[in-house]
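**Q** The following block contains the structure, expressed as structure tokens.
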Amino acid sequence: MASRRPTLRLFAQCKTKPQFNYTWTPRRAASSFQSSGSARPAFSNSRNYLTLAAAGLAVATTLSYKMTVEDPIRCDTPTLAERDQQTKREKGVTDASPMRLRMEKFVKEQQKEIVRALEEADGTPFRVDEWQRKEGGGGITCVLQDGKVFEKAGVGVSVVYGTLPKPAIIKMRANHKNLAQDDNIPDSLEFFAAGLSLIVHPKNPMAPTVHLNYRYFETANPDGSSGAWWFGGGSDLTPSYLFDEDAIHFHKSLKEVCDAHDKEYYPRFKKWCDEYFYNKHRGESRGIGGIFFDDLDETVSDKENTFAFVQDALKSFAPNYISIINKRKDMPFTEKEKQWQQIRRGKYVEFNLVHDRGTAFGLNTPGARVESILMSLPLTARWEYMYEPEPKSREARLVEVLKNPKEWV
């Protein structure tokens, strides 16, 4: 602001037109011309004008120097979010687009397909909220509450652009050495994250809760090209009452998808799921598992093949789960069985708020949309002091399986 003041003062001096007197009056010369009777024009304000012009030139020269040397005009480099918006406007998203744009497009398409399938099963439309992040990105949150079949169902897509500070880069390098070189860790890195998260809590205690999440993360180089990258995700089933045929069907579907890409995926990701979705303070799993994986990068497979695996896994969800729901949604149940469902939901809430890394990451991200992050929580849950199921009951059998996970296929 200070550097503009000389200009403003100069402008104030010059904004009124100087009045030049071009009329001339005869004057006698002070020397030999005095007696000749000759005359010459006299421009009465020309000396003032020249003085003003000289002063203006001096100020302008000083100002130009200050702007060039002391306070140069800065042309900010576009952010990754701005680059991507421009790319989408000018070229759209194709198979040749950066993976981050392809993943964003894919999860938004799958969100529509899953919402359509759940609406068909319930007969109630979802509420759809679209939102933006001032830091870049945004999302679409679709929620169904108090439906005919589902007490609560949420299907959310989030797209996040941000900047990793140096401490976060150092921490993340524990699993991703290619994030930065040992001797050249930058002060910050732009990043992109996109994913689809889903949770369904049915009304009927005979119908299982299900959770799903598939996501992609990458950092950006200064020119906007991809740096480090990885995929994560999985799907898991949480029944209140265990039907072995449902567990087998759910796991078999996931195994078929895994085997089509790598026969080592299912046993590895099933074990990972059992270990991750574990309530340490209760000594039991959250549910009967499924698959879970994180940090799948070039050390496991190339980017295109990993993306293909994620696509197949996500596309398999709706037919897999809806077939289970259609068998269980209209089964009879008692008030006691409903209370057991509420107690199991309490354990579900405990895991999400105490142990889940995704919830913690979301809540600690600047500009987080809390309502979308916590959409996974059920409408109702119950905690009873020192509650234990009756021995040899169906409830007791479920707890036994949760304490000792089974191999279902």
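Residue numbers start at 1 in each chain; chains themselves are named A, B, ... in the order of the structure tokens; ligands are numbered from 1 in the order shown.
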Neighbours of segment 127-132 of chain A within 8 Å (only C-alpha atoms; same-chain residues fewer than 6 positions away dropped), as a count of residues only?
**A** 7
**Q** From a DSSP calculation on the backbone, collect every residue of segment 88-316 of chain A in strand (DSSP E) and output the set as JSON, numbers by chain.
**A** {"A": [127, 128, 129, 130, 131, 132, 137, 138, 139, 140, 141, 142, 143, 144, 145, 150, 151, 152, 153, 154, 155, 156, 157, 158, 159, 160, 161, 162, 163, 164, 165, 188, 189, 190, 191, 192, 193, 194, 195, 196, 197, 198, 199, 200, 201, 202, 209, 210, 211, 212, 213, 214, 215, 216, 217, 218, 219, 220, 226, 227, 228, 229, 230, 231, 232, 233, 234, 235, 236, 237, 238, 278, 279, 284, 285, 289, 290, 291, 292, 293, 294, 295, 296]}
**Q** Name all residues at most 12 Å from segment 344-350 of chain A (count only C-alpha atoms; drop same-chain ones fewer than 5 positions away) and give them as a ChimeraX atom specification.
**A** /A:199-203,205,208-211,237-241,277-287,337-339,355-356,359,374-385,387-389,395-396,398-399,402
**Q** Take the residues just selected and output them with C-alpha atoms as a PDB file, in the first residue's frame.
**A**
ATOM      1  CA  ILE A 199     -22.931 -47.655   5.474  1.00  0.00           C
ATOM      2  CA  VAL A 200     -26.332 -49.347   5.725  1.00  0.00           C
ATOM      3  CA  HIS A 201     -28.151 -50.037   9.011  1.00  0.00           C
ATOM      4  CA  PRO A 202     -31.331 -52.070   8.379  1.00  0.00           C
ATOM      5  CA  LYS A 203     -34.352 -51.923  10.662  1.00  0.00           C
ATOM      6  CA  PRO A 205     -32.242 -57.221  13.327  1.00  0.00           C
ATOM      7  CA  PRO A 208     -26.926 -57.296   8.592  1.00  0.00           C
ATOM      8  CA  THR A 209     -25.281 -53.898   8.622  1.00  0.00           C
ATOM      9  CA  VAL A 210     -22.747 -53.390   5.842  1.00  0.00           C
ATOM     10  CA  HIS A 211     -19.854 -51.012   5.336  1.00  0.00           C
ATOM     11  CA  LEU A 237     -20.517 -57.344   7.032  1.00  0.00           C
ATOM     12  CA  THR A 238     -21.786 -56.815  10.590  1.00  0.00           C
ATOM     13  CA  PRO A 239     -24.799 -58.983  11.507  1.00  0.00           C
ATOM     14  CA  SER A 240     -26.665 -58.938  14.792  1.00  0.00           C
ATOM     15  CA  TYR A 241     -27.896 -62.489  14.111  1.00  0.00           C
ATOM     16  CA  PHE A 277     -12.016 -54.002  12.346  1.00  0.00           C
ATOM     17  CA  TYR A 278     -11.216 -55.152  15.852  1.00  0.00           C
ATOM     18  CA  ASN A 279     -12.489 -53.561  19.053  1.00  0.00           C
ATOM     19  CA  LYS A 280      -9.370 -53.928  21.181  1.00  0.00           C
ATOM     20  CA  HIS A 281     -11.062 -52.765  24.348  1.00  0.00           C
ATOM     21  CA  ARG A 282     -13.783 -55.416  23.875  1.00  0.00           C
ATOM     22  CA  GLY A 283     -11.550 -58.205  22.619  1.00  0.00           C
ATOM     23  CA  GLU A 284     -13.797 -58.917  19.647  1.00  0.00           C
ATOM     24  CA  SER A 285     -14.197 -58.041  15.960  1.00  0.00           C
ATOM     25  CA  ARG A 286     -16.734 -55.462  14.855  1.00  0.00           C
ATOM     26  CA  GLY A 287     -18.369 -57.952  12.484  1.00  0.00           C
ATOM     27  CA  GLU A 337     -34.014 -59.360  19.401  1.00  0.00           C
ATOM     28  CA  LYS A 338     -34.385 -55.673  18.557  1.00  0.00           C
ATOM     29  CA  GLN A 339     -32.677 -54.751  21.835  1.00  0.00           C
ATOM     30  CA  HIS A 355     -10.280 -46.953  16.470  1.00  0.00           C
ATOM     31  CA  ASP A 356     -11.213 -46.075  12.888  1.00  0.00           C
ATOM     32  CA  THR A 359     -12.917 -41.179  10.856  1.00  0.00           C
ATOM     33  CA  LEU A 374     -20.341 -39.191  10.894  1.00  0.00           C
ATOM     34  CA  MET A 375     -23.094 -40.412   8.579  1.00  0.00           C
ATOM     35  CA  SER A 376     -21.803 -43.935   9.339  1.00  0.00           C
ATOM     36  CA  LEU A 377     -23.290 -43.829  12.833  1.00  0.00           C
ATOM     37  CA  PRO A 378     -26.694 -45.470  13.339  1.00  0.00           C
ATOM     38  CA  LEU A 379     -29.764 -43.491  14.344  1.00  0.00           C
ATOM     39  CA  THR A 380     -30.153 -45.584  17.492  1.00  0.00           C
ATOM     40  CA  ALA A 381     -27.856 -47.644  19.712  1.00  0.00           C
ATOM     41  CA  ARG A 382     -27.881 -49.021  23.246  1.00  0.00           C
ATOM     42  CA  TRP A 383     -25.411 -49.533  26.073  1.00  0.00           C
ATOM     43  CA  GLU A 384     -26.382 -51.748  28.997  1.00  0.00           C
ATOM     44  CA  TYR A 385     -24.133 -52.090  31.995  1.00  0.00           C
ATOM     45  CA  TYR A 387     -24.702 -57.086  29.645  1.00  0.00           C
ATOM     46  CA  GLU A 388     -23.927 -60.715  28.739  1.00  0.00           C
ATOM     47  CA  PRO A 389     -25.921 -62.887  26.299  1.00  0.00           C
ATOM     48  CA  GLU A 395     -26.499 -64.053  20.565  1.00  0.00           C
ATOM     49  CA  ALA A 396     -23.767 -65.999  22.377  1.00  0.00           C
ATOM     50  CA  LEU A 398     -22.315 -64.499  17.378  1.00  0.00           C
ATOM     51  CA  VAL A 399     -20.019 -63.243  20.144  1.00  0.00           C
ATOM     52  CA  LEU A 402     -16.492 -62.315  16.773  1.00  0.00           C
TER      53      LEU A 402
END
**Q** Using only C-alpha atoms, which protein or nucleic acid residues come within 9 Å of Met331 of chain A? Drop anything in the same chain fewer than 5 positions from it, and give the result as number ranges by chain.
**A** A: 204-207
**Q** Atom CA of Glu335 of chain A to atom CA of Asp122 of chain A: how many Å, to one decimal?
**A**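 Taking atom CA of Glu335 of chain A as the start and atom CA of Asp122 of chain A as the end point, the length is 21.9 Å.
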**Q** Quick one: residues within 12 Å of Ala117 of chain A, only C-alpha atoms counted, chain neighbours fewer than 5 positions away excluded, as an NGL selection string?
**A** :A and (110-112 or 122-126 or 153 or 155 or 315 or 317-323 or 325-326)
**Q** For the residues in that selection, give me N, CA and C atoms as a PDB file, in the first residue's frame.
**A**
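Wrote again08.pdb, looks like this:
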ATOM      1  N   GLN A 110     -20.628 -44.788  -9.572  1.00  0.00           N
ATOM      2  CA  GLN A 110     -21.038 -45.903  -8.727  1.00  0.00           C
ATOM      3  C   GLN A 110     -21.961 -45.457  -7.599  1.00  0.00           C
ATOM      4  N   GLN A 111     -21.768 -44.254  -7.109  1.00  0.00           N
ATOM      5  CA  GLN A 111     -22.681 -43.736  -6.096  1.00  0.00           C
ATOM      6  C   GLN A 111     -24.116 -43.717  -6.614  1.00  0.00           C
ATOM      7  N   LYS A 112     -24.301 -43.270  -7.823  1.00  0.00           N
ATOM      8  CA  LYS A 112     -25.648 -43.245  -8.412  1.00  0.00           C
ATOM      9  C   LYS A 112     -26.225 -44.654  -8.537  1.00  0.00           C
ATOM     10  N   ASP A 122     -35.806 -50.293  -0.742  1.00  0.00           N
ATOM     11  CA  ASP A 122     -36.531 -49.663   0.365  1.00  0.00           C
ATOM     12  C   ASP A 122     -37.824 -48.981  -0.055  1.00  0.00           C
ATOM     13  N   GLY A 123     -37.826 -48.393  -1.241  1.00  0.00           N
ATOM     14  CA  GLY A 123     -39.002 -47.639  -1.687  1.00  0.00           C
ATOM     15  C   GLY A 123     -39.017 -46.201  -1.198  1.00  0.00           C
ATOM     16  N   THR A 124     -37.916 -45.745  -0.609  1.00  0.00           N
ATOM     17  CA  THR A 124     -37.809 -44.378  -0.093  1.00  0.00           C
ATOM     18  C   THR A 124     -36.639 -43.676  -0.780  1.00  0.00           C
ATOM     19  N   PRO A 125     -36.832 -42.432  -1.231  1.00  0.00           N
ATOM     20  CA  PRO A 125     -35.724 -41.732  -1.888  1.00  0.00           C
ATOM     21  C   PRO A 125     -34.683 -41.223  -0.895  1.00  0.00           C
ATOM     22  N   PHE A 126     -33.470 -41.104  -1.347  1.00  0.00           N
ATOM     23  CA  PHE A 126     -32.384 -40.534  -0.555  1.00  0.00           C
ATOM     24  C   PHE A 126     -32.458 -39.007  -0.596  1.00  0.00           C
ATOM     25  N   ALA A 153     -29.176 -45.209   5.905  1.00  0.00           N
ATOM     26  CA  ALA A 153     -28.220 -45.613   4.865  1.00  0.00           C
ATOM     27  C   ALA A 153     -27.550 -44.349   4.349  1.00  0.00           C
ATOM     28  N   VAL A 155     -24.505 -42.969   1.535  1.00  0.00           N
ATOM     29  CA  VAL A 155     -23.572 -43.239   0.445  1.00  0.00           C
ATOM     30  C   VAL A 155     -22.921 -41.903   0.100  1.00  0.00           C
ATOM     31  N   LYS A 315     -18.064 -52.517  -8.048  1.00  0.00           N
ATOM     32  CA  LYS A 315     -19.232 -52.881  -8.862  1.00  0.00           C
ATOM     33  C   LYS A 315     -19.932 -54.129  -8.336  1.00  0.00           C
ATOM     34  N   PHE A 317     -20.567 -54.861  -5.262  1.00  0.00           N
ATOM     35  CA  PHE A 317     -21.220 -54.668  -3.961  1.00  0.00           C
ATOM     36  C   PHE A 317     -22.734 -54.797  -4.028  1.00  0.00           C
ATOM     37  N   ALA A 318     -23.377 -54.018  -4.876  1.00  0.00           N
ATOM     38  CA  ALA A 318     -24.844 -53.945  -4.854  1.00  0.00           C
ATOM     39  C   ALA A 318     -25.512 -55.315  -5.044  1.00  0.00           C
ATOM     40  N   PRO A 319     -25.177 -56.082  -6.079  1.00  0.00           N
ATOM     41  CA  PRO A 319     -25.836 -57.393  -6.207  1.00  0.00           C
ATOM     42  C   PRO A 319     -25.519 -58.322  -5.043  1.00  0.00           C
ATOM     43  N   ASN A 320     -24.330 -58.222  -4.480  1.00  0.00           N
ATOM     44  CA  ASN A 320     -23.945 -59.069  -3.351  1.00  0.00           C
ATOM     45  C   ASN A 320     -24.806 -58.774  -2.124  1.00  0.00           C
ATOM     46  N   TYR A 321     -24.893 -57.527  -1.738  1.00  0.00           N
ATOM     47  CA  TYR A 321     -25.600 -57.167  -0.501  1.00  0.00           C
ATOM     48  C   TYR A 321     -27.122 -57.182  -0.667  1.00  0.00           C
ATOM     49  N   ILE A 322     -27.618 -56.693  -1.782  1.00  0.00           N
ATOM     50  CA  ILE A 322     -29.065 -56.622  -1.974  1.00  0.00           C
ATOM     51  C   ILE A 322     -29.698 -58.019  -1.923  1.00  0.00           C
ATOM     52  N   SER A 323     -28.999 -59.039  -2.414  1.00  0.00           N
ATOM     53  CA  SER A 323     -29.553 -60.397  -2.367  1.00  0.00           C
ATOM     54  C   SER A 323     -29.722 -60.861  -0.911  1.00  0.00           C
ATOM     55  N   ILE A 325     -30.208 -58.742   1.719  1.00  0.00           N
ATOM     56  CA  ILE A 325     -31.285 -57.909   2.273  1.00  0.00           C
ATOM     57  C   ILE A 325     -32.650 -58.455   1.869  1.00  0.00           C
ATOM     58  N   ASN A 326     -32.791 -58.825   0.628  1.00  0.00           N
ATOM     59  CA  ASN A 326     -34.094 -59.306   0.167  1.00  0.00           C
ATOM     60  C   ASN A 326     -34.541 -60.573   0.896  1.00  0.00           C
TER      61      ASN A 326
END
**Q** In terms of the shortest atom-to-atom distance over only C-alpha atoms, which of A:Lys166, A:Lys171, A:His176, A:Lys327 is closest to Asp246 of chain A?
**A**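 For Asp246 of chain A, the nearest of the candidates is A:Lys327.
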**Q** Which is closest to Gly290 of chain A among A:Phe269, A:Phe217, A:Trp230, A:Phe361, if we use only C-alpha atoms?
**A**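 Among the listed residues, A:Phe269 lies closest to Gly290 of chain A.
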**Q** Pick the closest to Gly162 of chain A from A:Gly147, A:Gly367, A:Gly234, A:Gly92: which is it, counting only C-alpha atoms?
**A**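 Smallest distance to Gly162 of chain A is found for A:Gly367.
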**Q** I need the residue nearest Leu314 of chain A from this list: A:Arg215, A:Lys271, A:His249, A:Arg116. Use only C-alpha atoms for the distance.
**A** A:Arg215
**Q** Taking only C-alpha atoms into account, name the residue in A:Lys148, A:Ser158, A:Arg133, A:Ile373 that is nearest to Ala360 of chain A.
**A**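 Nearest candidate to Ala360 of chain A out of A:Lys148, A:Ser158, A:Arg133, A:Ile373: A:Ile373.
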**Q** How many Å separate atom CA of Trp272 of chain A from atom CA of Arg394 of chain A?
**A** 26.5 Å
**Q** Measuring atom to atom with only C-alpha atoms, identify which of A:Met386, A:Val160, A:Val93, A:Val115 is nearest to Ala368 of chain A.
**A** A:Val160
**Q** Atom CA of Thr219 of chain A and atom CA of Met103 of chain A are how many Å apart?
**A** 14.4 Å
**Q** List as a ChimeraX atom specification the protein and nucleic acid residues near Ala308 of chain A, meaning an atom at most 12 Å away when only C-alpha atoms are counted, but skip any in the same chain fewer than 3 places from it.
**A** /A:99,102-103,106,231,257-258,260-262,301-305,311-315
**Q** Just asking: which residues within segment 43-259 of chain A are helix (DSSP H, G or I) according to DSSP, as a ChimeraX atom specification?
**A** /A:46-70,80-91,99-122,166-172,177-179,244-259
**Q** What's around Arg100 of chain A at 9 Å? Count only C-alpha atoms, leave out sequence neighbours fewer than 4 positions away in its own chain, and write the answer as a list in words.
**A**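 Final neighbour list, sorted by chain and number: Glu104, Lys105, Phe192, Ala193, Ala194, Tyr216, Phe217, Glu218 and Ser226 of chain A.
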